[in-house]
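Right, one structure below, let's go through it.
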Amino acid sequence: MSYTGRHGGEAPAADHTDLILAAREWAQDDPDPQTRDELLALVERVEGGGGGAEEAATELTDRFAGMLEFGTAGLRGAIGAGPNRMNRSVVIRAAAGLTANIAHHLDEVRAKGGDGTPFAPNDAPVVVVGYDARHRSDEFARDTAAVVTAAGGRAMVLPRVLPTPVLAFATPWCGADAGVMVTASHNPSQDNGYKVYLEDGSQIVPPVDGEIAARIAGIRSTSEVPLADDGWVTLGEEVIDAYLAAIASLVSPDSPRDVRIVHTALHGVGTDTVVAALTLTGFPEPELVEEQAEPDPDFPTVAFPNPEEDGALDLALEAARASGADVLIANDPDADRCAVAVPDATTEGGWRLLRGDELGVLLGSHLIMRGVPEGHAFACSIVSSRLLSRMAADAGIRHEETLTGFKWISKVDRLAYGYEEALGYCVAPQWVKDKDGVSAALLVAEHVAILKSHGRSLLDVLDDLHRAYGVHATDSFSVRVPRIEEVAPVMRRLRETPPTSIAGVPVARFDDLAAGDGGLPPTDGLRWYLEDGSRVIVRPSGTEPKLKVYLEAVEMPEPRDGGDGLAHARWVAGERLAALRKDLTALTAL
């Protein structure tokens, strides 16, 4: 759309004229009365002058700062009117760009008479669409189905609100060219998003994301995109039954089932699927955190619906303490992430939330114990702990380090297991080529039950791993900004004048990941290895306006005062982490 045209009414202030023209043209093209009225109300506040006019102009400027960017995470942003927001206009264009790109690749393959498409070889585009319980998710899913159908393709919509991993499973199970999941995962309630999967159920990667983005950019107006009134298929429960049967096969039929579980879905869509998976495999039905068990797009009991955030699991931990549970399992709102807390008498409150890296290596150790097929690999992202790679080497398992995101982890050849520190675990890549908080919950339940039968716990296994391979203490923090563009000056400063020592320890190696240092595809990030074995990584978030910092300190326990020195090693590693965090907080200050 070109932002030109005329409108009636009084002439606005000169410096807002183009903005108002653009807003009125967008509103005229908007198929949604709700967002159309929202946009026009902002325009009227700007035109009216007086109190609130400049505030409205600032808001309008942000909404028209550009089209919401389509990248390897698809779309994600605040719900609202305008091109820089999640709304029906933006979703319809995204669906049209995706459908056109699939059709183009299918035509190319037919013309060449061979393979080569990143999509399934259907006669016309076939797309599976899933959605969670966020505000307007069902509408965005319906619009996607309407676009695919009107373009001559076939759209299949999941039967109800469901976890993202069910969509990732359903895409290849249905033989589709692509899958679309309408979700913003663990973002705040005002956000929504649009994730695209390839025919094998893995997330899109370059160059496909760029191709789709180019086709979206070529759409001049939403009104030029045809929408069908009906004609798509709503799938039945059989797709969920197939998913549950697949992940149920992960659990050994002979392993113990005696485990008491407390579960929270954090107001998301995970409860029904997690409970069904656990009971199907013979585990006791978990105790639910009732205040958070049902989907609620406003997430009323948490500030941020992300298990990593401080306070998000307070209600769940309270329930776990009261019930005498063996383990607390939490999912984020679309249930692709899994968090775990366990009893710990040494911790205030008696329960301890495991860090993402801790759960990552615990799941890895469980899979090693069960046996990994020869030639298969473990993988984790560059921001995750290096402990898994050392465990894999000791077990004779190939390990690969990837860029952040499961779009890269899932591409590892013959992947058996992959994880990243942000509570994402791919334990069944043969079924779901993405992080899956439901199948991960199953393996956590099995692992805890097996250990319980031997009088042991997950913390005992973590002690064993730290004694064998060294304490790998990790930490991370984020520098939040109003707009992602504000991160660039910090990255530029660190790139141009990188520190030669951090926390008093000389830098042994510095990698500019944007230049491809370290042998990985170029990505915006910086990495330092220090002479004491510590590691620091700084990168912009791919989905939120913030700069992310990742820290790791490694210390090998040595015999001390008649003991194995594990406690002292953890103290030393903790002190190093604290010093690293202090320096990086100063270095990344805006």
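By order of appearance in the structure tokens: chains A, B, ..., then residues from 1 within every chain, and ligands from 1 in the order shown.
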Next item on the list: Go through region 336-546 of chain A and collect every residue that DSSP, computed from the backbone, puts in strand (DSSP E); the answer should be as a ChimeraX atom specification.
Entry: /A:338-343,351-353,377-381,398-402,415-420,424-426,471-480,501-502,505-512,526-530,535-540,546
Notebook entry, point to check: Hey, what's within 10 Å of Val148 (chain A) if we count only C-alpha atoms and toss same-chain stuff fewer than 6 positions away? As a PyMOL selection string, please?
Noted result: chain A and resi 92+95-96+98-100+124-128+154-156+226-228+231-232
Next item on the list: Tell me, as a ChimeraX atom specification, which residues lie within 10 Å of region 305-320 of chain A, counting only C-alpha atoms; anything in the same chain fewer than 5 positions away does not count.
Entry: /A:185-189,260-268,287-292,297-300,325-333,337-343,349-356,422-423
Next item on the list: Return the single residue from A:Pro159, A:Pro506, A:Pro207, A:Pro482 that is closest to Val233 (chain A), with distances computed using only C-alpha atoms.
Entry: A:Pro159
Checklist line | Filtered DSSP result for region 131-201 of chain A, state alpha helix (DSSP H), as a ChimeraX atom specification | finding: /A:137-150,164-173
When you look at Ile409 (chain A) with a cut-off of 8 Å (counting only C-alpha atoms), what residues show up, excluding the ones that are within fewer than 5 positions of it in the same chain? I need them as a PDB file with C-alpha atoms, in the first residue's frame.
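Final output, result-v1.pdb:
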ATOM      1  CA  ALA A 379      22.524 -30.553  19.929  1.00  0.00           C
ATOM      2  CA  CYS A 380      22.103 -27.313  21.790  1.00  0.00           C
ATOM      3  CA  SER A 381      22.285 -23.655  20.893  1.00  0.00           C
ATOM      4  CA  THR A 402      23.775 -24.362  16.559  1.00  0.00           C
ATOM      5  CA  LEU A 403      22.521 -20.824  16.373  1.00  0.00           C
ATOM      6  CA  THR A 404      19.748 -19.930  18.803  1.00  0.00           C
ATOM      7  CA  GLY A 418      18.209 -30.950  21.359  1.00  0.00           C
ATOM      8  CA  TYR A 419      17.625 -28.163  23.810  1.00  0.00           C
TER       9      TYR A 419
END
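Taking CA of Glu421 (chain A) and CA of Ser384 (chain A) as the two end points, the separation is 5.1 Å.
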Next item on the list: Find the residues around region 553-558 of chain A up to 10 Å (only C-alpha atoms counted), leave out those fewer than 5 positions away in its own chain, and share them as a ChimeraX atom specification.
Entry: /A:385-387,466-475,530,532-536,563-578,580
Go ahead and write the residues just picked, C-alpha atoms, as a CSV table (one decimal), in the first residue's frame.
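Output saved as selection.csv:
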chain,number,residue,atom,x,y,z
A,385,SER,CA,25.7,-24.7,28.7
A,386,ARG,CA,28.6,-26.6,27.3
A,387,LEU,CA,28.0,-29.4,29.7
A,466,HIS,CA,29.0,-31.8,38.2
A,467,ARG,CA,31.4,-34.2,39.9
A,468,ALA,CA,32.1,-35.9,36.6
A,469,TYR,CA,32.3,-33.0,34.2
A,470,GLY,CA,32.7,-29.9,36.4
A,471,VAL,CA,30.2,-27.4,37.7
A,472,HIS,CA,28.8,-25.5,34.8
A,473,ALA,CA,27.0,-22.6,36.4
A,474,THR,CA,24.9,-20.4,34.1
A,475,ASP,CA,23.1,-17.1,34.4
A,530,LEU,CA,37.9,-16.1,29.2
A,532,ASP,CA,39.5,-19.2,33.4
A,533,GLY,CA,37.0,-21.1,31.1
A,534,SER,CA,34.1,-18.7,31.5
A,535,ARG,CA,32.0,-17.7,28.6
A,536,VAL,CA,29.9,-14.6,27.8
A,563,GLY,CA,35.0,-34.3,50.9
A,564,ASP,CA,34.7,-34.1,47.1
A,565,GLY,CA,34.8,-30.3,47.0
A,566,LEU,CA,31.5,-30.0,45.1
A,567,ALA,CA,30.0,-27.4,47.4
A,568,HIS,CA,33.2,-25.3,47.2
A,569,ALA,CA,33.3,-25.6,43.4
A,570,ARG,CA,29.8,-24.3,43.2
A,571,TRP,CA,30.6,-21.4,45.4
A,572,VAL,CA,33.6,-20.5,43.2
A,573,ALA,CA,31.5,-20.7,40.1
A,574,GLY,CA,28.8,-18.6,41.7
A,575,GLU,CA,31.3,-15.9,42.6
A,576,ARG,CA,32.6,-15.8,39.1
A,577,LEU,CA,29.0,-15.5,37.7
A,578,ALA,CA,28.3,-12.7,40.0
A,580,LEU,CA,30.6,-11.5,35.3
Checklist line | region 234-240 of chain A surroundings by only C-alpha atoms, 12 Å radius, close-in-sequence under 5 positions cut, as a VMD selection string | finding: chain A and resid 127 to 130 141 to 142 145 154 to 174 245 to 247 272 to 274 276 to 277
Rows by chain and residue number, region 97-187 of chain A within 12 Å of region 31-44 of chain A, shortest pair, only C-alpha atoms, as a Markdown table:
| residue | atom | partner | partner_atom | distance |
| --- | --- | --- | --- | --- |
| A:Arg136 | CA | A:Gln34 | CA | 11.3 |
| A:Glu139 | CA | A:Asp32 | CA | 10.5 |
| A:Phe140 | CA | A:Asp32 | CA | 11.3 |
| A:Asp143 | CA | A:Pro31 | CA | 10.7 |
Export of the given selection (N, CA and C atoms) as a PDB file, in the first residue's frame:
ATOM      1  N   ARG A 136      -7.922 -12.980  19.914  1.00  0.00           N
ATOM      2  CA  ARG A 136      -8.072 -12.929  18.464  1.00  0.00           C
ATOM      3  C   ARG A 136      -7.361 -14.070  17.732  1.00  0.00           C
ATOM      4  N   GLU A 139      -9.698 -15.804  15.280  1.00  0.00           N
ATOM      5  CA  GLU A 139      -9.987 -14.990  14.096  1.00  0.00           C
ATOM      6  C   GLU A 139      -8.831 -15.034  13.104  1.00  0.00           C
ATOM      7  N   PHE A 140      -7.615 -14.912  13.611  1.00  0.00           N
ATOM      8  CA  PHE A 140      -6.445 -14.939  12.731  1.00  0.00           C
ATOM      9  C   PHE A 140      -6.301 -16.314  12.061  1.00  0.00           C
ATOM     10  N   ASP A 143      -8.978 -16.423   9.283  1.00  0.00           N
ATOM     11  CA  ASP A 143      -8.561 -15.626   8.123  1.00  0.00           C
ATOM     12  C   ASP A 143      -7.512 -16.366   7.297  1.00  0.00           C
TER      13      ASP A 143
END
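Nearest residue to Gly282 (chain A), choosing from A:Gly324, A:Arg390, A:Ala445, A:Ile219 and counting only C-alpha atoms: A:Ala445.
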